[in-house]
Structures are given as structure tokens and as C-alpha cells.
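K.L.:
Here it is, the structure in full.
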Amino acid sequence: MILPGNASCQGCPISMAMRCLDVIKNPVLVIPAGCSTVIAGLHPKSAMKAPVVHVPFPSTLAVACGLSEAYKKLGVEANVVAWMGDGAADIGFAGLSASAARRDDVITVVVDNEAYMNTGTQASLSTFWKAKTTTSPAGKTEERRNLSLIMLTHKADYVATASVGYIRDLRKKLRKAGEMAGFRFIHIHAPCPPGWRFPSEKTVEVARKAVMSGAWILWEYDGKLRLSKAGEKYALKENRIPLAEYLKQGRFLHLSERDIREIERKIDEDWEFLLRFS
Amino acid sequence: MRAEGNRNGSGVKRLLTSNEAIAEAVKIAKPDVIAAYPITPQSPIVEKLAEMVESGELDASFVRVESEHSAMAVIHGAATAGARVFTATSSHGLAYMFEMCWWIAGSRLPAVMAVATRSIGAPWNIHGDHTDIMSLRDAGWIIGMAESAQEAFDMTLQAFAVSEVVNIPFAVGIDAFTMSHTAEIVEIRNAKLPERRQAYRILPGMEVAVNAVTMGEARMKARYDLAIDLEKSAEVIERTDGEFGSYGGLVEKYRLEDAEYAVVMAGGWCGDAKDAIDMLRDEGVRIGMLRLRFIRPFPEKAVKELPSEVLVVDRANTGIKGILGMETAACGVEVKNVVAGIGGLDVGIDDFYRLFGKFVDGKLEKVEWLI
Amino acid sequence: MLTEVTIYCRGGQGGVTAARVLATAAMLQGYYSQAMPQFGPERRGARVNTYLRISDRPIRRRSVIKNPDIVAVFDRKIEIDSEASVVILNSPEPVQIPSRTYYVNATEIAERHGLVNAGWAILSAPMSGAIARVLDIEISALKEAMHIELGERAERSFKAAKEAYEVIKWT
Amino acid sequence: MDLSPILSEATVASAGETGSWRNYRPLVSSELCSKCGNCIVYCPEGVIFEGVDSVEIDYRFCKGCGVCREVCGQKAIEMVPE
């Protein structure tokens, strides 16, 4: 799907996730501004072995809807994939919500690296509490927004979280989404080596530690909410690794013991809250 | 009482507002995808289209979006896939979709949008002027301005025909309320449009990206091509004029042949101004009007042929000047410029009569505001 | 010849509909016509003007009517601030004003025909009947116009319009 | 109409021969490699393929990130300075 020799950084989680798109038949990608724009290829070259429609930030889902409606009207078989980062999900949230509410026949993938990486690591609504970014130099003061939970409350046809640390689980979820119709949403946790300040070979390890520490929960909803096999055991706190293990990233080096305990408390709350829907 | 006045023409006669006339034209054009967000005074256009889709009169996908930004984005996507598309907006709606207006033009996608031209706040005002549609000038759209419900109907059909030949989106302007909500007699002509055509479409299986990040001269080249093609669209507009009513192409020349004095205007208030011109003509004043039917491409040739005394009456300003005043002056024509009718301020025949009289008497300042 | 009519009414009374029905009826008789609501957010109960133009020549003007030939008043409580030579009033009895005045009890006719919505008599039908009579529009054209503009509501409305058309008096 | 400014064609090396970005080169031990495929699916660049005895790496485009070494359960990949 994504051809080698592309512009992604070393150890890029987005590129890793983009490779998984090959499980989807007849894809047409809609990509707003973000790292994915650059990774997908600079003019006059494209790195994707699929059609790509590059669009401005907040238009992503609406353009995807337009393509999907037109293909249906013109009798063209297609799987329109709106592929975006957490930045586009922030600025385009009204369009995302409307698309889900309309049940547009679109697969939405948010590769969430928890900040605006393409413009130089500014805080997003997904940025973790206390994480350092260039616009939260002392650590972000607000909570991160739980995007996938919001999409779940839209009762979309399919909602899943995934992680580049569990690529087979991610591929399975993309395949499942590709074989369904309706509004499908996949939220991929995508640890970013330069943005989070960890070595490029650690992308998978950091992603897995997020899941193993309980900081990123793997689940899916297709009418019923279930924890995914790959991460279900971390529902039990005693199975989790110490959170400090996951937080060994440049953006969290300033955290105190108390901060870490506070994050742990927030994570416990997140689990409790999510499991009410299952 | 009986009259025969409106019996000419072959199509069915109906009493329609410009909003309704546009909806009827769109129905004939058979778009595949329509997307819209309501805004006064455009809403009746898309309400009518929604009704037509609901009743099966029109086989189109009608997408109810949450904003004008998304309305333009939906038709952008649908046009990319090869669909015939339509939307409508006004004022703040146009401002909100502005970014996407640039994208659909830059992508060279044919599309048609009706703009019920309305003031942009602040302060709040829902009434007519041309401030919204004039903001579209730089985006790379063809911009037409109708004067009557009949012309709104004809121009909407022509818009599809022209846009799909030149691969440039086309906005049809109608004045808020004085046109959008005013019912007039419209002949529903039996126009037939060719099948949808466009320079490219994006389909599954293609290994191609559209609008990837450019470096070097590609963006400048794209912008230059669009500018040139927009200028050249004048030929297509002139050529197709007769197929959709006969108006004279980019401009309508009213009593201009022997005129010493010329008034340059656009939009729905030109009718009142024409009545005022007739009054002055009856008094022996050789005055006429150049009605700009198009703002883009700008009718430079016709403007350059104007007599030496020119008054441009504007319903939108840039700084202290009127926008059309500035555009006309940029063609090398010496102009007097009046800004009037902002925020729906009514300008009637008597007002035009007095204004034109002052112009003919040489008593107008270079730029004046009719407040 | 151009005839300009201003309808004074309150939002919800059907002034806009009346103007449209009359413009369509005039069109059916071969005239050019134009129906123009007062522009702005309509609010039920608030005073609104509606404008109607009929002419044997194309109508180009779209500005509001400042000096109407005829004024039709749907609600007597609305002050008539016009010097129009002809006034058509919704009133149970004649009213002495300088203009040539026609009157018809449109409210009573509307109520009797069940043309009421949320406690408001809908006056478009009887008043368009009354105005049509003054404008010399044929009853058959009015009937057809009502069918075009009102669809299935036309039948009952036309009965009320016809009654007003027949009973309108002048003082 | 010239569409070249707005359309782009799919191609390898859209950002050039990215092997030149590499500071460390992953070397695969054919003795240790079990061809489990972990490195193949996790390689961000998609430049690791199943070979005859072990996985093989297209060094023309490998950026040398080292993810393959980290996900290898057999410890069959080592990163050596270029």
C-alpha cells in the first residue's frame, strides 16, 4: 500500500499503520494536512499504491462523504478511507461527528500521536495531561479527550481502538471494517519517536507499554463493546506493568512521583468508565 | 381584464422566486450529489431540492451537512469522483466555506453554487448587498450575477454547461430577498445539458494522488493555468449565451449605443436603475447602462469600450472604494464611484434618478457613499 | 399600465400567500406580475408589508413600493400610513377615510370556512378574493391560481375567496 | 488542460533512496532467524521480505530505524554502524 522510499521519519508509526491498509479492498484515501500528507508523497510523486485525495484539515470527512455518495450514485465499488491525525480530528470534529451521525459509508482512521507533529509537536486535544509539547512547555494542564469514546456514543456501525504495537490486531480490525458498510471508526495509538522524544527503534515497545500499563485500552464495538484479546488482561490492575515504564519518554521526564500516581488514578477511572458500556 | 404581454416563448410560465427558479433549473440539470447547510435567504433553494429528492422528482443524493464548510467539501469530494454537483449559500455561509472554495477551484473541479448575495456581519444583517460574493473574486471561480428570476434560471443551467467545459466552478449570484424571495414570471425553458464531463476523476484502482504537497513551480503553474482558463471561459460563456436565454454574454448593454454617460452595475437592482435611465432618456439625457453579468471573468473589453463619463454603482466596498469601481478603474477607465445599498438599504427608481442626475450634472465626487 | 399594491398584515395572516395567489392569477390573465414579501425574519403577530405589482409590460423594478396605488389592510388595528387612492379593508362595517374604500369581513369569512391556525384567522383566501375583485381579476383565474399556489388546500380556500369576491362592498 | 501540477503518480522512492538516511544497518543472522514474520509486519518502510533461509532487507530504502531488531523474538537482527 505504501511504497518504500517514502518521506516518513525513522521508526514512524503512521507509515507502519499505512502498510496495513492493504487489507481493504478498492480503497480511496482522503488525507488532510498532517504528517500523513507528507508521508503519502510530495508532488509529482505519490507513495501510495491507491488513489489519494489530499484535502484541507476540517473537510476530511465531508470530502470522504462526497466521494462515497458519488461512487454509490455512479455505481462504482469503493471503500473510502478518511485517514487523519489527531490534529485533523480536532479541527474537523464537527464534520467527523456529522459524518458519524449520518452514518456515511466511510472508514475513518485516526492515527493519534497525541500532538500536532507535522507543525512541530504542539499540544492537541489528545495530548496527555502533563505531557510537554511546544505549546505546553511545562506540561499540558488539561485532560486528554477520549475521541474513540465520543465516536462510540454516536453508535457508529463500527468503532475500535488499535495500536501500532499490536499490528496483527490492527490489521484484523481494518479488515473487519473493510468488509462492513456504514460509518466505521478506528483510533490507532501511534507513538511518535521525535515528538515524544524516544529512540526510533522503540516505537513498538512504547506502543505496547501504553497498552500493558493500561494507558491505552484496546477495544471494539460492532453493536456490542468488547475488550480486544490483545489487551483484555490489562483490565485487571495486577496484570499491568508499572506506569512509570511507559512514561519513560522525553515528554514525561519532568513528572514527579505524585504526577505519576495522579495519571494512574485517571487511567483507573478511564477503565471504569469504558467498562460501563460493555 | 386581459393582456397578452407574457405569452411569448415556448416554455411553461410560472410565478417563481429566484430561489425557486434556481431549484427548477437544478432539477433540469440532474445533479448526482447536492449538499447544503441552510442560511437565510438561500434556504428555500435547498429546501425545494430536498423536496424534489424526497418525492422522487430528482434522483440525487442530498447530503445534510453540519456546516457550509462541509457542504462545499461534500461536493468537492463528489465532483472528484465524477458526480455533477450543486450547493447554495449566502453571506456567513460563504465566508465559512471560503477555504473549500479555493480548493474546488484549484482542483479544477466543475461545480455550481448559487449565492443569494447578503451582507456579512458585523453587525448582524440578513439583507442584500454584494459583499459576500465579491469575496470570492480571488478564489478562481466564475462569478455570474443575475438580474431577474428568469436570468437566475437560465444562468444556473448555463453554469453547469460552462463549468463542465472549462473545469472551473461557477457561482450564480442573486440578490438577497429582492430576488431570492421575490416571485416573478419565469419561463421554464426546455434546456438539455450534455452528459457530465470533467478533466479527470479519481477512481478506485488508480495509483494517483490529487493535490499532493507541491514544491518548486507546480503551485504557481496551477495558479497561472487557472487564471488563464478563467479568462478564456469568457469565450465559452459568450458561445453558449443563446442556448440559455439571450443576454449578451458577459455584459448586457442597455441604451448604450449613443450614450455619453454610462452607468456600470450588477445584480437585481439594475432593473430599477434602468427605469431611472428611461426617465432621463425621456428628458433627452444620453445615458445608458453596462450591466456586468459576470464579475469573473471580468468584462474588460466591454468596459474599455465605454464612453468617457462612467459611473460605477457598487453594493460592496474595499476600503472607501466600491469593488466594481476599483475593478473598472483597473481596466484603465476613469470612473466616478458610488457605494450604496449596503445591508439591504433600499435604493429605488427615484434614488437612481437623483443619483444619475447628479452624475450627469458633474456634481459627483470621485467616490461617494449613498447613506 | 403598472399597478402597485401594498398589503399590510401581521405575520401569520397570509399576506405573502395572498400576494402570490394574486400575482399568479394576473399571470394567468396574460399580465406580468411580481409578489414580494417584506424582507426580514418573519415573526408571527408582527406587522409585515407585502408588495404586489401587476403590469402589461415586463416589471424590472424590485425596490419596495413607496407609493402604492392600492393598499389592502388585513388588520384594522394597523395604521394606514399611505395616501393610496384605494384602500381594501378587512372590516365588518364601512370605515370613513379619504380614500375610496372597500371593505369585507374577511375574518368572519375565514373563520366560517375553518381557515384558522393556532387561533389566528388565515386571511389570505378571503382577502385575495376581495383584492382580486378590485383588481378586476377573473374568478376563474383566481381559482386556478389558488390550485397552483395552494395545492390541496385550494378547494376550501377558494370557497372563502369566492365569497369575499362576491360580497365586497365599497363606501 | 495541463493536470501535471495537481496530479502525482505512485512510485517507489517518492522521497529518494532513503537507505542513505541510515546510520545503522540491520544485519539478519540466517541461523537465528525463524522467519516468524514479526519484522516483516512491523517494518515501517515495508522493506523486509521473506527470503530463502531468513528474511531479507532492501537496503536501498531501509532507513535504519531499528524497529526490526526490537520486535525480533529470536534476537536475529543486529544493528551495525554503517
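Naming scheme: A, B, ... for chains in displayed order of the C-alpha cells; residues 1 onward per chain; ligands 1 onward as shown.
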Residues of chain B within 12 Å of chain D, using only C-alpha atoms, as JSON, numbers by chain?
P.N.:
{"B": [103, 104, 105, 106, 107, 108, 109, 165, 166, 167, 168, 198, 199, 200, 201, 202, 205, 206, 207, 208, 209, 210, 211, 212, 213, 214, 215, 216, 217, 218, 219, 220, 221, 222, 223, 224, 225, 226, 228, 229]}
K.L.:
At most 9 Å is the cut-off: for each residue in chain B with any atom that close to an atom of chain C, write down the nearest atom pair and the distance in Å rounded to one decimal, counting only C-alpha atoms, chain first then increasing number, as JSON lines.
P.N.:
{"residue": "B:Met1", "atom": "CA", "partner": "C:Asp136", "partner_atom": "CA", "distance": 6.1}
{"residue": "B:Arg2", "atom": "CA", "partner": "C:Gln29", "partner_atom": "CA", "distance": 5.4}
{"residue": "B:Ala3", "atom": "CA", "partner": "C:Gly30", "partner_atom": "CA", "distance": 4.6}
{"residue": "B:Glu4", "atom": "CA", "partner": "C:Gly30", "partner_atom": "CA", "distance": 4.7}
{"residue": "B:Gly5", "atom": "CA", "partner": "C:Asp56", "partner_atom": "CA", "distance": 5.6}
{"residue": "B:Asn6", "atom": "CA", "partner": "C:Gly30", "partner_atom": "CA", "distance": 5.5}
{"residue": "B:Arg7", "atom": "CA", "partner": "C:Gly30", "partner_atom": "CA", "distance": 6.4}
{"residue": "B:Lys13", "atom": "CA", "partner": "C:Met27", "partner_atom": "CA", "distance": 8.3}
{"residue": "B:Arg14", "atom": "CA", "partner": "C:Thr24", "partner_atom": "CA", "distance": 7.7}
{"residue": "B:Leu15", "atom": "CA", "partner": "C:Thr24", "partner_atom": "CA", "distance": 5.9}
{"residue": "B:Thr17", "atom": "CA", "partner": "C:Ala35", "partner_atom": "CA", "distance": 8.6}
{"residue": "B:Thr40", "atom": "CA", "partner": "C:Pro41", "partner_atom": "CA", "distance": 8.9}
{"residue": "B:Ile126", "atom": "CA", "partner": "C:Gly40", "partner_atom": "CA", "distance": 7.0}
{"residue": "B:His127", "atom": "CA", "partner": "C:Gly40", "partner_atom": "CA", "distance": 7.3}
{"residue": "B:Glu147", "atom": "CA", "partner": "C:Arg60", "partner_atom": "CA", "distance": 8.7}
{"residue": "B:Ser148", "atom": "CA", "partner": "C:Arg60", "partner_atom": "CA", "distance": 7.9}
{"residue": "B:Ala176", "atom": "CA", "partner": "C:Phe39", "partner_atom": "CA", "distance": 8.8}
{"residue": "B:Phe177", "atom": "CA", "partner": "C:Phe39", "partner_atom": "CA", "distance": 6.0}
{"residue": "B:Thr178", "atom": "CA", "partner": "C:Arg62", "partner_atom": "CA", "distance": 5.8}
{"residue": "B:Met179", "atom": "CA", "partner": "C:Arg62", "partner_atom": "CA", "distance": 7.7}
{"residue": "B:His181", "atom": "CA", "partner": "C:Met36", "partner_atom": "CA", "distance": 6.6}
{"residue": "B:Thr182", "atom": "CA", "partner": "C:Met36", "partner_atom": "CA", "distance": 4.4}
{"residue": "B:Ala183", "atom": "CA", "partner": "C:Ala35", "partner_atom": "CA", "distance": 5.0}
{"residue": "B:Glu184", "atom": "CA", "partner": "C:Gln34", "partner_atom": "CA", "distance": 4.7}
{"residue": "B:Ile185", "atom": "CA", "partner": "C:Ser33", "partner_atom": "CA", "distance": 6.6}
{"residue": "B:Gly268", "atom": "CA", "partner": "C:Arg62", "partner_atom": "CA", "distance": 7.2}
{"residue": "B:Trp269", "atom": "CA", "partner": "C:Arg62", "partner_atom": "CA", "distance": 6.5}
{"residue": "B:Cys270", "atom": "CA", "partner": "C:Arg61", "partner_atom": "CA", "distance": 8.0}
{"residue": "B:Gly271", "atom": "CA", "partner": "C:Arg60", "partner_atom": "CA", "distance": 4.3}
{"residue": "B:Asp272", "atom": "CA", "partner": "C:Arg61", "partner_atom": "CA", "distance": 4.3}
{"residue": "B:Ala273", "atom": "CA", "partner": "C:Arg61", "partner_atom": "CA", "distance": 8.0}
{"residue": "B:Lys274", "atom": "CA", "partner": "C:Arg60", "partner_atom": "CA", "distance": 7.8}
{"residue": "B:Asp275", "atom": "CA", "partner": "C:Arg61", "partner_atom": "CA", "distance": 7.3}
{"residue": "B:Gly344", "atom": "CA", "partner": "C:Phe39", "partner_atom": "CA", "distance": 8.9}
{"residue": "B:Asp346", "atom": "CA", "partner": "C:Ser63", "partner_atom": "CA", "distance": 6.2}
{"residue": "B:Val347", "atom": "CA", "partner": "C:Ser63", "partner_atom": "CA", "distance": 6.5}
{"residue": "B:Gly348", "atom": "CA", "partner": "C:Ser63", "partner_atom": "CA", "distance": 5.1}
{"residue": "B:Ile349", "atom": "CA", "partner": "C:Arg61", "partner_atom": "CA", "distance": 7.6}
K.L.:
If you count only C-alpha atoms, which residues fall within 12 Å of A:Asp90, apart from same-chain ones fewer than 3 positions away, as a PyMOL selection string?
P.N.:
chain A and resi 57-60+84-87+93-97+110+112+114-116+123-127+144-147
K.L.:
Can you work out the spacing between atom CA of A:Ala17 and atom CA of A:Trp83 in Å, to one decimal?
P.N.:
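Result for atom CA of A:Ala17 versus atom CA of A:Trp83: 10.5 Å, one decimal.
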K.L.:
Looking at D:Ser29, D:Ser54, D:Asn38, D:Ser14, which one is nearest to D:Cys72, with distances taken over only C-alpha atoms?
P.N.:
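So, comparing all the options, the nearest one is D:Asn38.
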K.L.:
Compare A:Glu272, A:Glu257, A:Glu69, A:Glu262 by their minimum atom-to-atom distance to A:Leu236, counting only C-alpha atoms, and give me the closest one.
P.N.:
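Smallest separation from A:Leu236 among the options: A:Glu272.
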